[in-house]
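Asker: The structure file coords.csv (CSV, C-alpha atoms) is provided below.
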```csv
chain,number,residue,atom,x,y,z
B,1,MET,CA,171.7,149.2,163.2
B,2,SER,CA,171.3,146.3,160.8
B,3,GLU,CA,169.0,146.6,157.9
B,4,GLU,CA,167.0,143.7,159.1
B,5,HIS,CA,166.6,145.2,162.6
B,6,ARG,CA,165.4,148.4,161.1
B,7,HIS,CA,162.9,146.6,158.9
B,8,GLU,CA,161.5,144.9,162.0
B,9,GLN,CA,161.0,148.3,163.6
B,10,CYS,CA,159.1,149.4,160.5
B,11,ARG,CA,156.8,146.4,160.8
B,12,GLN,CA,156.2,147.1,164.5
B,13,LEU,CA,155.4,150.7,163.8
B,14,LEU,CA,152.8,149.7,161.2
B,15,GLY,CA,150.7,148.0,163.8
B,16,SER,CA,150.7,151.0,166.1
B,17,LEU,CA,150.1,153.6,163.4
B,18,SER,CA,146.5,154.3,164.1
B,19,ASP,CA,147.1,154.7,167.9
B,20,TYR,CA,150.1,156.9,167.2
B,21,VAL,CA,148.2,159.4,165.0
B,22,ASP,CA,145.3,159.4,167.4
B,23,GLY,CA,147.7,160.2,170.2
B,24,ASP,CA,146.7,157.1,172.1
B,25,LEU,CA,150.2,155.8,172.9
B,26,ALA,CA,152.2,156.3,176.0
B,27,ASP,CA,154.9,159.0,175.8
B,28,GLU,CA,157.8,156.6,175.9
B,29,VAL,CA,156.4,154.6,172.9
B,30,CYS,CA,155.9,157.9,171.0
B,31,LEU,CA,159.5,158.8,171.7
B,32,GLU,CA,160.7,155.5,170.4
B,33,ILE,CA,158.6,155.8,167.2
B,34,GLU,CA,159.9,159.4,166.7
B,35,ARG,CA,163.5,158.2,167.2
B,36,HIS,CA,162.9,155.5,164.5
B,37,MET,CA,161.3,158.0,162.1
B,38,SER,CA,164.2,160.4,162.4
B,39,GLY,CA,166.3,157.8,160.7
B,40,CYS,CA,163.7,156.2,158.5
B,41,ASP,CA,162.2,158.4,155.8
B,42,ARG,CA,159.9,155.7,154.6
B,43,CYS,CA,158.1,155.5,157.9
B,44,ARG,CA,158.0,159.2,158.3
B,45,ILE,CA,156.3,159.6,155.0
B,46,VAL,CA,153.8,156.8,155.8
B,47,VAL,CA,153.0,158.5,159.1
B,48,ASP,CA,152.7,162.0,157.6
B,49,THR,CA,150.5,160.9,154.7
B,50,LEU,CA,148.3,158.7,157.0
B,51,ARG,CA,147.7,161.6,159.4
B,52,LYS,CA,147.0,163.8,156.4
B,53,THR,CA,144.5,161.2,155.0
B,54,VAL,CA,142.5,161.2,158.2
B,55,GLU,CA,142.6,165.0,158.4
B,56,LEU,CA,141.4,165.4,154.8
B,57,TYR,CA,138.3,163.3,155.5
B,58,HIS,CA,137.6,165.3,158.6
B,59,THR,CA,137.8,168.5,156.7
B,60,ALA,CA,135.8,167.3,153.8
B,61,ALA,CA,133.0,166.0,156.1
B,62,ALA,CA,132.9,169.2,158.1
B,63,GLU,CA,132.4,171.2,154.9
B,64,THR,CA,129.8,169.0,153.3
B,65,PRO,CA,126.1,169.6,154.2
B,66,ALA,CA,125.0,166.5,155.9
B,67,ALA,CA,121.6,166.1,154.3
B,68,PRO,CA,119.9,168.0,151.5
B,69,SER,CA,116.9,170.1,152.6
B,70,ASP,CA,114.4,168.0,150.6
B,71,VAL,CA,115.6,164.8,152.3
B,72,ARG,CA,115.2,166.5,155.7
B,73,GLN,CA,111.8,167.8,154.7
B,74,ARG,CA,110.5,164.4,153.5
B,75,LEU,CA,111.9,162.8,156.7
B,76,PHE,CA,109.9,165.3,158.9
B,77,PHE,CA,106.7,164.6,157.0
B,78,THR,CA,107.2,160.8,157.1
B,79,LEU,CA,107.6,161.0,160.8
B,80,ASP,CA,104.4,163.2,161.1
B,81,LEU,CA,106.5,166.0,162.4
B,82,GLY,CA,105.7,168.5,159.6
B,83,GLU,CA,104.5,171.1,162.1
B,84,TYR,CA,108.0,171.4,163.6
B,85,LEU,CA,109.7,171.8,160.2
B,86,ASP,CA,109.5,175.6,160.0
B,87,GLN,CA,111.0,176.1,163.4
B,88,ARG,CA,114.3,174.7,162.2
B,89,THR,CA,116.9,176.0,159.9
J,1,MET,CA,133.6,160.6,172.6
J,2,ASP,CA,132.5,162.9,175.4
J,3,ASP,CA,130.8,165.5,173.2
J,4,HIS,CA,128.3,162.8,172.0
J,5,HIS,CA,127.3,162.2,175.6
J,6,GLN,CA,127.2,166.0,176.2
J,7,ARG,CA,124.9,166.4,173.2
J,8,ASP,CA,122.7,163.7,174.8
J,9,ALA,CA,122.3,165.9,177.8
J,10,GLU,CA,120.5,168.5,175.5
J,11,PHE,CA,117.6,166.2,175.2
J,12,SER,CA,115.0,165.3,177.8
J,13,LEU,CA,115.0,161.5,178.0
J,14,PRO,CA,111.7,161.3,180.0
J,15,ALA,CA,110.0,163.5,177.3
J,16,LEU,CA,111.4,161.3,174.5
J,17,LYS,CA,110.4,158.1,176.2
J,18,ALA,CA,106.9,159.5,176.8
J,19,GLY,CA,106.6,160.1,173.0
J,20,ASP,CA,106.8,163.9,173.2
J,21,LYS,CA,106.8,165.0,169.5
J,22,ALA,CA,108.4,168.4,169.9
J,23,GLU,CA,111.3,166.8,171.7
J,24,PHE,CA,111.6,164.0,169.1
J,25,ALA,CA,111.6,166.6,166.4
J,26,ARG,CA,114.6,168.2,168.1
J,27,LEU,CA,116.4,164.8,168.2
J,28,VAL,CA,115.6,164.3,164.5
J,29,ASP,CA,116.9,167.7,163.7
J,30,ALA,CA,120.2,167.1,165.5
J,31,TYR,CA,120.9,163.7,164.1
J,32,SER,CA,119.2,163.4,160.7
J,33,GLY,CA,122.3,164.9,159.0
J,34,PRO,CA,124.9,162.6,160.6
J,35,ILE,CA,122.7,159.5,160.2
J,36,TYR,CA,122.1,160.3,156.5
J,37,ARG,CA,125.8,160.7,155.9
J,38,LEU,CA,126.3,157.2,157.4
J,39,THR,CA,123.6,155.5,155.4
J,40,LEU,CA,124.8,157.2,152.2
J,41,LYS,CA,128.3,156.1,152.8
J,42,ILE,CA,127.3,152.5,153.5
J,43,LEU,CA,124.7,152.2,150.7
J,44,GLY,CA,126.1,154.5,148.1
J,45,GLU,CA,122.6,155.3,146.6
J,46,PRO,CA,120.8,158.4,147.7
J,47,GLN,CA,117.4,156.8,147.5
J,48,ASP,CA,118.4,153.8,149.5
J,49,ALA,CA,120.1,156.1,152.0
J,50,GLU,CA,117.0,158.2,152.4
J,51,ASP,CA,114.8,155.1,152.9
J,52,ALA,CA,117.2,153.8,155.6
J,53,LEU,CA,117.2,157.3,157.2
J,54,GLN,CA,113.5,157.3,157.5
J,55,GLU,CA,113.3,153.7,158.7
J,56,THR,CA,115.9,154.5,161.4
J,57,PHE,CA,113.8,157.3,162.9
J,58,LEU,CA,110.6,155.4,162.6
J,59,LYS,CA,112.1,152.5,164.5
J,60,ALA,CA,113.7,154.8,167.0
J,61,TYR,CA,110.4,156.5,167.8
J,62,ARG,CA,108.8,153.2,168.4
J,63,ALA,CA,111.7,151.9,170.5
J,64,LEU,CA,112.3,155.0,172.6
J,65,PRO,CA,109.9,154.0,175.4
J,66,ALA,CA,112.1,150.9,176.0
J,67,PHE,CA,115.4,152.8,175.6
J,68,GLU,CA,117.5,152.0,178.7
J,69,GLY,CA,120.3,154.4,178.2
J,70,ARG,CA,123.1,151.8,178.3
J,71,SER,CA,124.7,153.6,175.4
J,72,SER,CA,124.3,157.2,174.4
J,73,LEU,CA,121.3,158.2,172.3
J,74,SER,CA,123.6,159.0,169.4
J,75,THR,CA,125.4,155.6,169.5
J,76,TRP,CA,122.0,153.9,169.8
J,77,LEU,CA,120.7,155.8,166.7
J,78,TYR,CA,123.9,154.9,164.7
J,79,ARG,CA,123.4,151.3,165.7
J,80,ILE,CA,119.8,151.3,164.3
J,81,ALA,CA,121.0,153.1,161.2
J,82,ALA,CA,123.9,150.7,160.6
J,83,ASN,CA,121.6,147.7,161.0
J,84,GLU,CA,119.0,149.2,158.7
J,85,SER,CA,121.6,149.8,156.0
J,86,PHE,CA,123.0,146.2,156.4
J,87,MET,CA,119.5,144.9,155.9
J,88,THR,CA,119.0,146.9,152.8
J,89,LEU,CA,122.3,145.6,151.4
J,90,ARG,CA,121.4,142.1,152.2
J,91,ARG,CA,118.2,142.5,150.2
J,92,ARG,CA,120.1,144.0,147.3
J,93,LYS,CA,123.2,141.9,147.2
J,94,PRO,CA,123.2,139.1,149.8
J,95,GLU,CA,126.6,137.8,148.7
J,96,ALA,CA,128.3,141.2,149.3
J,97,VAL,CA,127.3,141.6,152.9
J,98,SER,CA,129.9,140.4,155.3
J,99,VAL,CA,130.1,142.6,158.3
J,100,ASP,CA,132.5,140.2,160.0
J,101,GLU,CA,135.9,140.9,158.6
J,102,ALA,CA,138.6,138.3,158.8
J,103,GLN,CA,140.8,138.5,161.9
J,104,PRO,CA,144.3,139.9,161.7
J,105,THR,CA,146.7,137.5,160.1
J,106,ALA,CA,149.9,136.4,161.5
J,107,ASP,CA,151.7,138.4,158.9
J,108,GLY,CA,150.3,141.6,160.3
J,109,GLU,CA,149.2,144.5,158.1
J,110,GLN,CA,149.8,144.9,154.4
J,111,GLU,CA,153.1,146.9,154.0
J,112,PRO,CA,152.8,150.3,152.5
J,113,ILE,CA,153.6,150.4,148.8
J,114,GLN,CA,153.0,154.1,147.9
J,115,ILE,CA,155.8,156.1,149.5
J,116,VAL,CA,155.3,159.7,148.2
J,117,ASP,CA,155.2,162.7,150.5
J,118,TRP,CA,152.3,164.6,149.1
J,119,CYS,CA,151.5,166.5,152.3
J,120,CYS,CA,153.1,169.6,150.7
J,121,LEU,CA,150.5,169.9,148.0
J,122,PRO,CA,148.4,173.1,148.5
J,123,GLU,CA,145.1,172.7,150.3
J,124,ASP,CA,143.0,173.7,147.3
J,125,GLU,CA,144.7,170.9,145.3
J,126,LEU,CA,144.2,168.4,148.2
J,127,LEU,CA,140.5,169.2,148.4
J,128,SER,CA,139.7,170.1,144.8
J,129,THR,CA,136.3,168.9,143.5
J,130,GLU,CA,138.1,166.2,141.7
J,131,ALA,CA,140.1,165.2,144.8
J,132,ARG,CA,136.9,165.0,146.8
J,133,GLN,CA,135.5,162.6,144.3
J,134,HIS,CA,138.6,160.5,144.8
J,135,LEU,CA,138.1,160.6,148.6
J,136,ASP,CA,134.6,159.3,148.2
J,137,GLN,CA,135.5,156.6,145.7
J,138,ALA,CA,138.3,155.4,147.9
J,139,VAL,CA,135.9,154.9,150.8
J,140,GLY,CA,133.5,153.2,148.5
J,141,ARG,CA,136.2,150.6,147.6
J,142,LEU,CA,136.7,149.6,151.2
J,143,THR,CA,134.9,146.4,152.3
J,144,LEU,CA,131.7,147.0,154.2
J,145,ALA,CA,133.3,146.1,157.5
J,146,LEU,CA,136.2,148.6,157.1
J,147,ARG,CA,134.0,151.3,155.5
J,148,THR,CA,131.5,151.3,158.4
J,149,VAL,CA,134.1,151.5,161.1
J,150,PHE,CA,136.0,154.3,159.2
J,151,VAL,CA,132.8,156.4,158.7
J,152,LEU,CA,131.7,156.1,162.3
J,153,ARG,CA,135.2,156.7,163.8
J,154,ASP,CA,136.8,159.2,161.4
J,155,ILE,CA,134.0,160.9,159.7
J,156,GLU,CA,131.3,161.0,162.4
J,157,GLY,CA,133.9,161.3,165.2
J,158,LEU,CA,132.7,158.4,167.5
J,159,SER,CA,135.2,157.1,169.9
J,160,VAL,CA,136.5,153.5,169.5
J,161,ARG,CA,134.2,152.4,172.3
J,162,GLU,CA,131.1,154.0,170.8
J,163,THR,CA,132.0,152.6,167.4
J,164,ALA,CA,132.3,149.1,169.0
J,165,GLU,CA,128.9,149.6,170.7
J,166,ALA,CA,127.2,150.8,167.5
J,167,LEU,CA,128.4,147.8,165.5
J,168,ASN,CA,128.3,145.3,168.3
J,169,VAL,CA,131.9,144.2,167.9
J,170,SER,CA,134.9,144.3,170.2
J,171,GLU,CA,137.1,147.4,170.6
J,172,ALA,CA,140.0,145.4,169.3
J,173,ALA,CA,138.1,144.6,166.1
J,174,VAL,CA,137.3,148.3,165.7
J,175,LYS,CA,141.0,149.2,166.1
J,176,THR,CA,142.1,146.5,163.6
J,177,ARG,CA,139.6,147.6,161.0
J,178,LEU,CA,140.3,151.2,161.5
J,179,LEU,CA,144.0,150.7,160.9
J,180,ARG,CA,143.3,148.7,157.7
J,181,ALA,CA,140.8,151.2,156.4
J,182,ARG,CA,143.2,154.1,157.0
J,183,LEU,CA,146.1,152.3,155.4
J,184,SER,CA,144.0,151.3,152.4
J,185,LEU,CA,142.8,154.9,152.0
J,186,ARG,CA,146.3,156.2,152.4
J,187,GLU,CA,147.5,153.9,149.5
J,188,GLN,CA,144.6,155.0,147.3
J,189,LEU,CA,145.1,158.7,148.0
J,190,SER,CA,148.8,158.5,147.6
J,191,ALA,CA,148.5,157.0,144.1
J,192,TYR,CA,146.2,159.9,143.2
J,193,TYR,CA,148.2,162.7,144.8
J,194,ALA,CA,151.4,161.4,143.4
J,195,GLU,CA,150.0,161.9,139.9
J,196,ARG,CA,148.9,165.3,140.8
J,197,MET,CA,152.4,166.2,142.1
J,198,ALA,CA,153.9,164.9,138.9
J,199,ALA,CA,151.4,166.9,136.8
J,200,THR,CA,152.1,170.1,138.9
J,201,SER,CA,155.8,169.8,138.6
J,202,LEU,CA,155.5,169.1,134.9
J,203,SER,CA,153.4,172.2,134.3
J,204,ALA,CA,155.8,174.3,136.4
J,205,ALA,CA,158.7,173.0,134.3
J,206,GLU,CA,156.8,173.9,131.1
J,207,ARG,CA,156.2,177.4,132.4
J,208,THR,CA,159.9,178.0,133.1
J,209,SER,CA,161.2,176.5,129.9
```
What would you get if you wrote out this structure as structure tokens?
Answerer:
Amino acid sequence: MSEEHRHEQCRQLLGSLSDYVDGDLADEVCLEIERHMSGCDRCRIVVDTLRKTVELYHTAAAETPAAPSDVRQRLFFTLDLGEYLDQRT
Amino acid sequence: MDDHHQRDAEFSLPALKAGDKAEFARLVDAYSGPIYRLTLKILGEPQDAEDALQETFLKAYRALPAFEGRSSLSTWLYRIAANESFMTLRRRKPEAVSVDEAQPTADGEQEPIQIVDWCCLPEDELLSTEARQHLDQAVGRLTLALRTVFVLRDIEGLSVRETAEALNVSEAAVKTRLLRARLSLREQLSAYYAERMAATSLSAAERTS
């Protein structure tokens, strides 16, 4: 495969990256991408690190408390819902 | 995403529309956290984020009787919260608020520059306190349009369709912005983790010498 042809494949892959890591592409397109990546380290690294980037944000968000308790408390009082505050955790 | 609609089923819409306070308290309890995370990510300032959070639920309470259920309750709340945050930003820095990102260029996306495979770094290094600060800062450097899409889709877990509904843009625009946001974050994180890898291998080399 010519260098130019391979580079064209890399550019095409770039546009499908999000759909690929989200699993939104048809099987045959995925196979084509995987075939390309097996011979293109650069694209493999981009795909792996992109997937990992998204994963890290998922993990970090899941571990972070969404709202401090004082923020939640003031919200309930502002909404005149103070009487329901104790029933929650 | 289906689970957002499933969560909707946990609430009695007739009770909410009738102004039932106990039911509204349950709704606030379920969504105040995610909504605060969104307003904080858009606005950056805890006080602004809290004001927008309060305003979101005040408006939601007033608007609930007219809620038609065309989108899920959560998407509807995200939409109010996003608009509220954009209004706050407009008041603060009118020049900085462009929610309409430029359309894709003929050249396509910016080609990746950082090519370092940092996936092998240990998890405690990838999510150290310092690394988490870098994650937050990287999101903060995205343009408003990219940041909002990224937060709704990848942090709050909305589907592409729900994100489009919440921001009143096309699904194609959501996909384009999401790809750009992710690519930009990947570049930024790669630069940081590449340094960490270099530092780790340096200290390992020092230990063995």
Asker: Build an axis-aligned box that encloses every atom of region 58-71 of chain B listed in the file, pad it by 4 Å on each side, and report its centre and edge lengths in Å to one decimal, as JSON.
Answerer:
```
{"center_x": 126.1, "center_y": 168.0, "center_z": 154.6, "size_x": 31.4, "size_y": 14.4, "size_z": 16.0}
```
Asker: Using all atoms listed in the file, select each residue of chain B with any atom at most 8 Å away from an atom of chain J, and give the selection as a ChimeraX atom specification.
Answerer: /B:11,14-15,17-18,42,45-46,48-50,52-54,56-58,60-61,65-67,71-72,75-76,78-79,81,84,88
Asker: Find the residues around Glu162 (chain J) up to 10 Å (all atoms listed in the file counted), leave out those fewer than 6 positions away in its own chain, and share them as a VMD selection string.
Answerer: chain J and resid 1 4 71 to 72 74 to 76 78 to 79 152 to 153 168 171 174
Asker: Please indicate the distance in Å from CA of Val21 (chain B) to CA of Thr59 (chain B), rounded to one decimal place.
Answerer: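 For CA of Val21 (chain B) relative to CA of Thr59 (chain B), the distance reads 16.1 Å.
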Asker: Please report the interatomic distance between CA of Lys17 (chain J) and CA of Leu64 (chain J) in Å with one decimal.
Answerer: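 Between CA of Lys17 (chain J) and CA of Leu64 (chain J) the gap is 5.1 Å.
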Asker: What is the distance between CA of Ala164 (chain J) and CA of Leu146 (chain J), in Å to one decimal?
Answerer: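 That distance, rounded to one decimal, is 12.5 Å.
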Asker: Could you please fill out region 18-34 of chain B with N, CA and C atoms and send it back as a PDB file, in the coordinates of the input?
Answerer:
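Printed below is result_12.pdb as written:
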```
ATOM      1  N   SER B  18     147.738 153.683 163.826  1.00  0.00           N
ATOM      2  CA  SER B  18     146.500 154.300 164.100  1.00  0.00           C
ATOM      3  C   SER B  18     146.532 154.967 165.523  1.00  0.00           C
ATOM      4  N   ASP B  19     146.990 154.164 166.497  1.00  0.00           N
ATOM      5  CA  ASP B  19     147.100 154.700 167.900  1.00  0.00           C
ATOM      6  C   ASP B  19     148.024 155.846 167.950  1.00  0.00           C
ATOM      7  N   TYR B  20     149.089 155.782 167.159  1.00  0.00           N
ATOM      8  CA  TYR B  20     150.100 156.900 167.200  1.00  0.00           C
ATOM      9  C   TYR B  20     149.438 158.175 166.657  1.00  0.00           C
ATOM     10  N   VAL B  21     148.800 158.120 165.494  1.00  0.00           N
ATOM     11  CA  VAL B  21     148.200 159.400 165.000  1.00  0.00           C
ATOM     12  C   VAL B  21     147.049 159.861 165.779  1.00  0.00           C
ATOM     13  N   ASP B  22     146.396 158.958 166.501  1.00  0.00           N
ATOM     14  CA  ASP B  22     145.300 159.400 167.400  1.00  0.00           C
ATOM     15  C   ASP B  22     145.791 159.885 168.730  1.00  0.00           C
ATOM     16  N   GLY B  23     147.106 159.778 168.964  1.00  0.00           N
ATOM     17  CA  GLY B  23     147.700 160.200 170.200  1.00  0.00           C
ATOM     18  C   GLY B  23     147.298 159.315 171.400  1.00  0.00           C
ATOM     19  N   ASP B  24     147.081 158.029 171.099  1.00  0.00           N
ATOM     20  CA  ASP B  24     146.700 157.100 172.100  1.00  0.00           C
ATOM     21  C   ASP B  24     147.799 156.277 172.744  1.00  0.00           C
ATOM     22  N   LEU B  25     149.035 156.622 172.396  1.00  0.00           N
ATOM     23  CA  LEU B  25     150.200 155.800 172.900  1.00  0.00           C
ATOM     24  C   LEU B  25     150.862 156.536 174.046  1.00  0.00           C
ATOM     25  N   ALA B  26     151.487 155.739 174.895  1.00  0.00           N
ATOM     26  CA  ALA B  26     152.200 156.300 176.000  1.00  0.00           C
ATOM     27  C   ALA B  26     153.425 157.122 175.474  1.00  0.00           C
ATOM     28  N   ASP B  27     153.840 158.118 176.258  1.00  0.00           N
ATOM     29  CA  ASP B  27     154.900 159.000 175.800  1.00  0.00           C
ATOM     30  C   ASP B  27     156.173 158.285 175.385  1.00  0.00           C
ATOM     31  N   GLU B  28     156.543 157.267 176.186  1.00  0.00           N
ATOM     32  CA  GLU B  28     157.800 156.600 175.900  1.00  0.00           C
ATOM     33  C   GLU B  28     157.729 155.841 174.534  1.00  0.00           C
ATOM     34  N   VAL B  29     156.527 155.312 174.223  1.00  0.00           N
ATOM     35  CA  VAL B  29     156.400 154.600 172.900  1.00  0.00           C
ATOM     36  C   VAL B  29     156.433 155.631 171.795  1.00  0.00           C
ATOM     37  N   CYS B  30     155.813 156.801 171.999  1.00  0.00           N
ATOM     38  CA  CYS B  30     155.900 157.900 171.000  1.00  0.00           C
ATOM     39  C   CYS B  30     157.320 158.261 170.720  1.00  0.00           C
ATOM     40  N   LEU B  31     158.072 158.417 171.806  1.00  0.00           N
ATOM     41  CA  LEU B  31     159.500 158.800 171.700  1.00  0.00           C
ATOM     42  C   LEU B  31     160.251 157.795 170.834  1.00  0.00           C
ATOM     43  N   GLU B  32     159.971 156.532 171.120  1.00  0.00           N
ATOM     44  CA  GLU B  32     160.700 155.500 170.400  1.00  0.00           C
ATOM     45  C   GLU B  32     160.313 155.526 168.902  1.00  0.00           C
ATOM     46  N   ILE B  33     159.037 155.753 168.618  1.00  0.00           N
ATOM     47  CA  ILE B  33     158.600 155.800 167.200  1.00  0.00           C
ATOM     48  C   ILE B  33     159.265 157.047 166.544  1.00  0.00           C
ATOM     49  N   GLU B  34     159.296 158.171 167.262  1.00  0.00           N
ATOM     50  CA  GLU B  34     159.900 159.400 166.700  1.00  0.00           C
ATOM     51  C   GLU B  34     161.398 159.204 166.438  1.00  0.00           C
TER      52      GLU B  34
END
```
